[in-house]
$ cat coords_27.txt   # compact mmCIF, N, CA and C atoms
# COMPACT_ATOMS: atom_id res chain seq x y z
N MET A 20 40.57 17.60 3.54
CA MET A 20 39.59 17.62 2.46
C MET A 20 38.21 17.23 3.00
N LYS A 21 38.17 16.15 3.81
CA LYS A 21 36.90 15.70 4.35
C LYS A 21 36.32 16.74 5.31
N LYS A 22 37.19 17.42 6.04
CA LYS A 22 36.76 18.46 6.98
C LYS A 22 36.12 19.63 6.21
N THR A 23 36.69 19.96 5.07
CA THR A 23 36.17 21.04 4.24
C THR A 23 34.79 20.66 3.70
N LYS A 24 34.61 19.41 3.29
CA LYS A 24 33.31 18.95 2.80
C LYS A 24 32.26 19.03 3.90
N ASN A 25 32.62 18.68 5.12
CA ASN A 25 31.67 18.74 6.24
C ASN A 25 31.25 20.19 6.50
N TYR A 26 32.22 21.12 6.46
CA TYR A 26 31.88 22.53 6.68
C TYR A 26 30.98 23.05 5.55
N LEU A 27 31.33 22.70 4.34
CA LEU A 27 30.53 23.12 3.19
C LEU A 27 29.12 22.56 3.27
N TYR A 28 29.01 21.28 3.62
CA TYR A 28 27.70 20.64 3.77
C TYR A 28 26.89 21.33 4.86
N THR A 29 27.51 21.64 5.98
CA THR A 29 26.83 22.32 7.10
C THR A 29 26.37 23.71 6.68
N ILE A 30 27.22 24.43 6.00
CA ILE A 30 26.86 25.79 5.56
C ILE A 30 25.70 25.72 4.56
N LEU A 31 25.74 24.79 3.63
CA LEU A 31 24.66 24.67 2.65
C LEU A 31 23.35 24.26 3.31
N MET A 32 23.40 23.39 4.29
CA MET A 32 22.19 22.98 5.00
C MET A 32 21.59 24.16 5.77
N VAL A 33 22.43 24.97 6.41
CA VAL A 33 21.94 26.14 7.14
C VAL A 33 21.30 27.13 6.17
N LEU A 34 21.94 27.34 5.02
CA LEU A 34 21.37 28.24 4.02
C LEU A 34 20.05 27.71 3.47
N ALA A 35 19.98 26.42 3.20
CA ALA A 35 18.74 25.83 2.69
C ALA A 35 17.63 25.95 3.72
N CYS A 36 17.93 25.68 4.97
CA CYS A 36 16.91 25.82 6.02
C CYS A 36 16.49 27.27 6.18
N GLY A 37 17.43 28.18 6.05
CA GLY A 37 17.11 29.61 6.15
C GLY A 37 16.18 30.05 5.03
N VAL A 38 16.46 29.59 3.82
CA VAL A 38 15.59 29.92 2.68
C VAL A 38 14.21 29.32 2.88
N LEU A 39 14.17 28.09 3.35
CA LEU A 39 12.89 27.42 3.58
C LEU A 39 12.06 28.16 4.64
N VAL A 40 12.68 28.54 5.73
CA VAL A 40 11.97 29.21 6.81
C VAL A 40 11.50 30.59 6.39
N THR A 41 12.34 31.34 5.69
CA THR A 41 11.96 32.70 5.31
C THR A 41 10.98 32.74 4.15
N SER A 42 10.88 31.66 3.37
CA SER A 42 9.96 31.67 2.23
C SER A 42 8.54 31.27 2.62
N CYS A 43 8.36 30.75 3.81
CA CYS A 43 7.03 30.35 4.26
C CYS A 43 6.20 31.58 4.57
N LYS A 44 4.93 31.53 4.20
CA LYS A 44 4.03 32.65 4.47
C LYS A 44 3.51 32.51 5.89
N ASP A 45 3.73 33.54 6.67
CA ASP A 45 3.34 33.50 8.08
C ASP A 45 1.93 33.99 8.32
N ASP A 46 1.31 34.59 7.32
CA ASP A 46 -0.01 35.18 7.50
C ASP A 46 -1.10 34.16 7.22
N PHE A 47 -1.20 33.15 8.04
CA PHE A 47 -2.24 32.14 7.87
C PHE A 47 -3.48 32.60 8.60
N ASP A 48 -4.56 32.77 7.84
CA ASP A 48 -5.82 33.23 8.42
C ASP A 48 -6.84 32.11 8.21
N GLU A 49 -7.25 31.49 9.30
CA GLU A 49 -8.17 30.36 9.22
C GLU A 49 -9.51 30.77 8.62
N GLU A 50 -9.98 31.95 8.96
CA GLU A 50 -11.26 32.42 8.43
C GLU A 50 -11.21 32.57 6.91
N GLN A 51 -10.12 33.15 6.40
CA GLN A 51 -9.97 33.31 4.95
C GLN A 51 -9.86 31.95 4.28
N PHE A 52 -9.18 31.01 4.92
CA PHE A 52 -9.08 29.65 4.38
C PHE A 52 -10.46 29.03 4.24
N LEU A 53 -11.30 29.17 5.25
CA LEU A 53 -12.65 28.60 5.21
C LEU A 53 -13.51 29.27 4.15
N ILE A 54 -13.34 30.58 3.99
CA ILE A 54 -14.08 31.31 2.95
C ILE A 54 -13.64 30.80 1.56
N ASN A 55 -12.34 30.66 1.36
CA ASN A 55 -11.83 30.16 0.07
C ASN A 55 -12.33 28.74 -0.19
N GLN A 56 -12.36 27.93 0.85
CA GLN A 56 -12.83 26.56 0.70
C GLN A 56 -14.31 26.53 0.31
N GLN A 57 -15.12 27.39 0.92
CA GLN A 57 -16.54 27.45 0.59
C GLN A 57 -16.76 27.95 -0.83
N GLU A 58 -15.99 28.96 -1.23
CA GLU A 58 -16.10 29.48 -2.60
C GLU A 58 -15.75 28.41 -3.62
N ARG A 59 -14.71 27.63 -3.33
CA ARG A 59 -14.31 26.55 -4.24
C ARG A 59 -15.40 25.48 -4.32
N ALA A 60 -15.99 25.15 -3.16
CA ALA A 60 -17.07 24.15 -3.15
C ALA A 60 -18.27 24.65 -3.95
N ASP A 61 -18.60 25.93 -3.81
CA ASP A 61 -19.71 26.51 -4.57
C ASP A 61 -19.41 26.49 -6.07
N GLN A 62 -18.17 26.80 -6.42
CA GLN A 62 -17.77 26.81 -7.83
C GLN A 62 -17.88 25.41 -8.42
N LEU A 63 -17.41 24.41 -7.69
CA LEU A 63 -17.49 23.03 -8.18
C LEU A 63 -18.94 22.57 -8.32
N ALA A 64 -19.79 22.97 -7.36
CA ALA A 64 -21.21 22.60 -7.44
C ALA A 64 -21.87 23.25 -8.65
N ALA A 65 -21.53 24.50 -8.92
CA ALA A 65 -22.10 25.19 -10.08
C ALA A 65 -21.64 24.53 -11.39
N GLU A 66 -20.36 24.16 -11.46
CA GLU A 66 -19.85 23.50 -12.66
C GLU A 66 -20.53 22.15 -12.86
N GLU A 67 -20.71 21.42 -11.77
CA GLU A 67 -21.37 20.11 -11.87
C GLU A 67 -22.82 20.25 -12.30
N ALA A 68 -23.52 21.27 -11.77
CA ALA A 68 -24.91 21.50 -12.17
C ALA A 68 -25.00 21.88 -13.64
N ALA A 69 -24.05 22.70 -14.11
CA ALA A 69 -24.04 23.10 -15.52
C ALA A 69 -23.80 21.89 -16.42
N GLU A 70 -22.87 21.02 -16.01
CA GLU A 70 -22.61 19.81 -16.81
C GLU A 70 -23.83 18.90 -16.84
N GLU A 71 -24.49 18.76 -15.70
CA GLU A 71 -25.68 17.91 -15.64
C GLU A 71 -26.81 18.49 -16.48
N GLU A 72 -26.95 19.81 -16.45
CA GLU A 72 -27.98 20.47 -17.25
C GLU A 72 -27.71 20.27 -18.74
N ALA A 73 -26.43 20.36 -19.12
CA ALA A 73 -26.06 20.15 -20.53
C ALA A 73 -26.35 18.71 -20.94
N MET A 74 -26.04 17.77 -20.05
CA MET A 74 -26.32 16.37 -20.36
C MET A 74 -27.82 16.13 -20.47
N THR A 75 -28.60 16.74 -19.59
CA THR A 75 -30.05 16.60 -19.64
C THR A 75 -30.59 17.17 -20.94
N ALA A 76 -30.08 18.33 -21.36
CA ALA A 76 -30.51 18.94 -22.61
C ALA A 76 -30.13 18.04 -23.80
N GLU A 77 -28.92 17.48 -23.74
CA GLU A 77 -28.49 16.56 -24.81
C GLU A 77 -29.39 15.34 -24.88
N ASN A 78 -29.69 14.78 -23.71
CA ASN A 78 -30.55 13.59 -23.66
C ASN A 78 -31.95 13.92 -24.15
N ALA A 79 -32.47 15.08 -23.78
CA ALA A 79 -33.80 15.48 -24.22
C ALA A 79 -33.81 15.64 -25.74
N ALA A 80 -32.75 16.23 -26.28
CA ALA A 80 -32.67 16.40 -27.73
C ALA A 80 -32.59 15.05 -28.44
N ALA A 81 -31.85 14.12 -27.86
CA ALA A 81 -31.74 12.79 -28.46
C ALA A 81 -33.07 12.06 -28.42
N VAL A 82 -33.79 12.17 -27.32
CA VAL A 82 -35.10 11.53 -27.20
C VAL A 82 -36.09 12.16 -28.17
N ALA A 83 -36.05 13.49 -28.28
CA ALA A 83 -36.96 14.18 -29.18
C ALA A 83 -36.68 13.79 -30.63
N SER A 84 -35.41 13.70 -30.99
CA SER A 84 -35.10 13.34 -32.37
C SER A 84 -35.46 11.87 -32.63
N ALA A 85 -35.31 11.02 -31.64
CA ALA A 85 -35.68 9.62 -31.81
C ALA A 85 -37.20 9.48 -31.93
N ALA A 86 -37.94 10.36 -31.26
CA ALA A 86 -39.40 10.30 -31.32
C ALA A 86 -39.91 10.72 -32.69
N ASN A 87 -39.12 11.50 -33.43
CA ASN A 87 -39.55 11.99 -34.73
C ASN A 87 -39.22 11.03 -35.87
N VAL A 88 -38.60 9.92 -35.59
CA VAL A 88 -38.24 8.96 -36.61
C VAL A 88 -39.49 8.16 -36.98
N THR A 89 -39.73 8.04 -38.26
CA THR A 89 -40.89 7.27 -38.73
C THR A 89 -40.39 6.08 -39.54
N TYR A 90 -41.11 5.02 -39.45
CA TYR A 90 -40.76 3.80 -40.17
C TYR A 90 -41.91 3.44 -41.11
N THR A 91 -41.56 2.93 -42.25
CA THR A 91 -42.56 2.46 -43.21
C THR A 91 -42.23 1.02 -43.56
N VAL A 92 -43.22 0.17 -43.43
CA VAL A 92 -43.04 -1.24 -43.76
C VAL A 92 -43.92 -1.53 -44.96
N SER A 93 -43.30 -2.11 -45.95
CA SER A 93 -44.06 -2.47 -47.15
C SER A 93 -44.01 -3.97 -47.32
N LEU A 94 -45.16 -4.54 -47.50
CA LEU A 94 -45.26 -5.98 -47.72
C LEU A 94 -45.56 -6.20 -49.19
N HIS A 95 -44.82 -7.14 -49.76
CA HIS A 95 -45.03 -7.47 -51.17
C HIS A 95 -45.69 -8.82 -51.28
N SER A 96 -46.51 -8.95 -52.26
CA SER A 96 -47.25 -10.19 -52.42
C SER A 96 -46.43 -11.29 -53.09
N ASP A 97 -45.24 -10.95 -53.60
CA ASP A 97 -44.46 -11.99 -54.29
C ASP A 97 -43.49 -12.71 -53.35
N ASN A 98 -43.58 -12.52 -52.04
CA ASN A 98 -42.78 -13.17 -51.02
C ASN A 98 -41.28 -12.98 -51.19
N VAL A 99 -40.84 -11.84 -51.71
CA VAL A 99 -39.43 -11.49 -51.85
C VAL A 99 -39.07 -10.57 -50.67
N PRO A 100 -37.93 -10.85 -50.01
CA PRO A 100 -37.56 -9.97 -48.89
C PRO A 100 -37.37 -8.53 -49.35
N VAL A 101 -37.66 -7.64 -48.49
CA VAL A 101 -37.56 -6.21 -48.79
C VAL A 101 -36.09 -5.81 -48.79

$ encode --input "coords_27.txt" --output "structure tokens"
Amino acid sequence: MKKTKNYLYTILMVLACGVLVTSCKDDFDEEQFLINQQERADQLAAEEAAEEEAMTAENAAAVASAANVTYTVSLHSDNVPV
């Protein structure tokens, strides 16, 4: 029984290693990797710039709306709080 388990274990390990080796992509192109890496960096930079621009626009809108707020203070002669 133990001998059968050892054979089964060995066969399964060989099959697993075979699947692992054959499933790996052998067409590794360093140049294409570098191009993909640069494209991803450019994409992230563009997204970050867009987010910063949106935040700047939001902040400008908040400042502009705060600048348009007017206050009126009225003083009464009877010394009663407003």

$ atom_distance --input "coords_27.txt" --atom1 "atom CA of A:Leu63" --atom2 "atom CA of A:Thr75"
18.2 Å

$ select_by_dssp --input "coords_27.txt" --residues "stretch 24-61 of chain A" --states "alpha helix (DSSP H)" --output "PyMOL selection string"
chain A and resi 24-42+49-61

$ atom_distance --input "coords_27.txt" --atom1 "atom N of A:Thr41" --atom2 "atom CA of A:Tyr28"
18.8 Å

$ atom_distance --input "coords_27.txt" --atom1 "atom N of A:Leu27" --atom2 "atom CA of A:Ser42"
23.3 Å

$ decode --input "coords_27.txt" --residues "stretch 34-78 of chain A" --atoms "C-alpha atoms" --output "PDB file, in the first residue's frame"
ATOM      1  CA  LEU A  34       2.611  15.529 -14.116  1.00  0.00           C
ATOM      2  CA  ALA A  35       2.426  18.729 -12.058  1.00  0.00           C
ATOM      3  CA  CYS A  36       5.964  19.703 -13.057  1.00  0.00           C
ATOM      4  CA  GLY A  37       5.166  18.911 -16.681  1.00  0.00           C
ATOM      5  CA  VAL A  38       2.085  21.142 -16.607  1.00  0.00           C
ATOM      6  CA  LEU A  39       4.062  23.900 -14.922  1.00  0.00           C
ATOM      7  CA  VAL A  40       6.903  23.756 -17.446  1.00  0.00           C
ATOM      8  CA  THR A  41       4.662  23.592 -20.510  1.00  0.00           C
ATOM      9  CA  SER A  42       2.368  26.392 -19.321  1.00  0.00           C
ATOM     10  CA  CYS A  43       5.183  28.927 -19.022  1.00  0.00           C
ATOM     11  CA  LYS A  44       5.435  31.412 -21.864  1.00  0.00           C
ATOM     12  CA  ASP A  45       8.819  31.094 -23.514  1.00  0.00           C
ATOM     13  CA  ASP A  46       8.537  34.196 -25.685  1.00  0.00           C
ATOM     14  CA  PHE A  47      10.037  36.710 -23.271  1.00  0.00           C
ATOM     15  CA  ASP A  48      11.008  39.852 -25.130  1.00  0.00           C
ATOM     16  CA  GLU A  49      12.903  42.350 -22.997  1.00  0.00           C
ATOM     17  CA  GLU A  50      12.280  45.198 -25.435  1.00  0.00           C
ATOM     18  CA  GLN A  51       8.510  44.644 -25.360  1.00  0.00           C
ATOM     19  CA  PHE A  52       8.639  44.473 -21.560  1.00  0.00           C
ATOM     20  CA  LEU A  53      10.379  47.858 -21.416  1.00  0.00           C
ATOM     21  CA  ILE A  54       7.875  49.357 -23.862  1.00  0.00           C
ATOM     22  CA  ASN A  55       4.963  48.055 -21.757  1.00  0.00           C
ATOM     23  CA  GLN A  56       6.596  49.405 -18.620  1.00  0.00           C
ATOM     24  CA  GLN A  57       7.017  52.862 -20.187  1.00  0.00           C
ATOM     25  CA  GLU A  58       3.415  52.886 -21.435  1.00  0.00           C
ATOM     26  CA  ARG A  59       2.177  51.991 -17.950  1.00  0.00           C
ATOM     27  CA  ALA A  60       4.322  54.743 -16.398  1.00  0.00           C
ATOM     28  CA  ASP A  61       2.942  57.261 -18.916  1.00  0.00           C
ATOM     29  CA  GLN A  62      -0.611  56.124 -18.185  1.00  0.00           C
ATOM     30  CA  LEU A  63      -0.123  56.503 -14.430  1.00  0.00           C
ATOM     31  CA  ALA A  64       1.418  59.963 -14.897  1.00  0.00           C
ATOM     32  CA  ALA A  65      -1.530  61.048 -17.050  1.00  0.00           C
ATOM     33  CA  GLU A  66      -4.037  59.755 -14.481  1.00  0.00           C
ATOM     34  CA  GLU A  67      -2.191  61.535 -11.680  1.00  0.00           C
ATOM     35  CA  ALA A  68      -2.102  64.793 -13.661  1.00  0.00           C
ATOM     36  CA  ALA A  69      -5.837  64.514 -14.370  1.00  0.00           C
ATOM     37  CA  GLU A  70      -6.586  63.931 -10.684  1.00  0.00           C
ATOM     38  CA  GLU A  71      -4.423  66.892  -9.687  1.00  0.00           C
ATOM     39  CA  GLU A  72      -6.102  69.098 -12.294  1.00  0.00           C
ATOM     40  CA  ALA A  73      -9.526  68.073 -10.970  1.00  0.00           C
ATOM     41  CA  MET A  74      -8.433  68.849  -7.416  1.00  0.00           C
ATOM     42  CA  THR A  75      -7.067  72.224  -8.513  1.00  0.00           C
ATOM     43  CA  ALA A  76     -10.351  73.022 -10.280  1.00  0.00           C
ATOM     44  CA  GLU A  77     -12.288  71.952  -7.175  1.00  0.00           C
ATOM     45  CA  ASN A  78     -10.099  74.107  -4.948  1.00  0.00           C
TER      46      ASN A  78
END
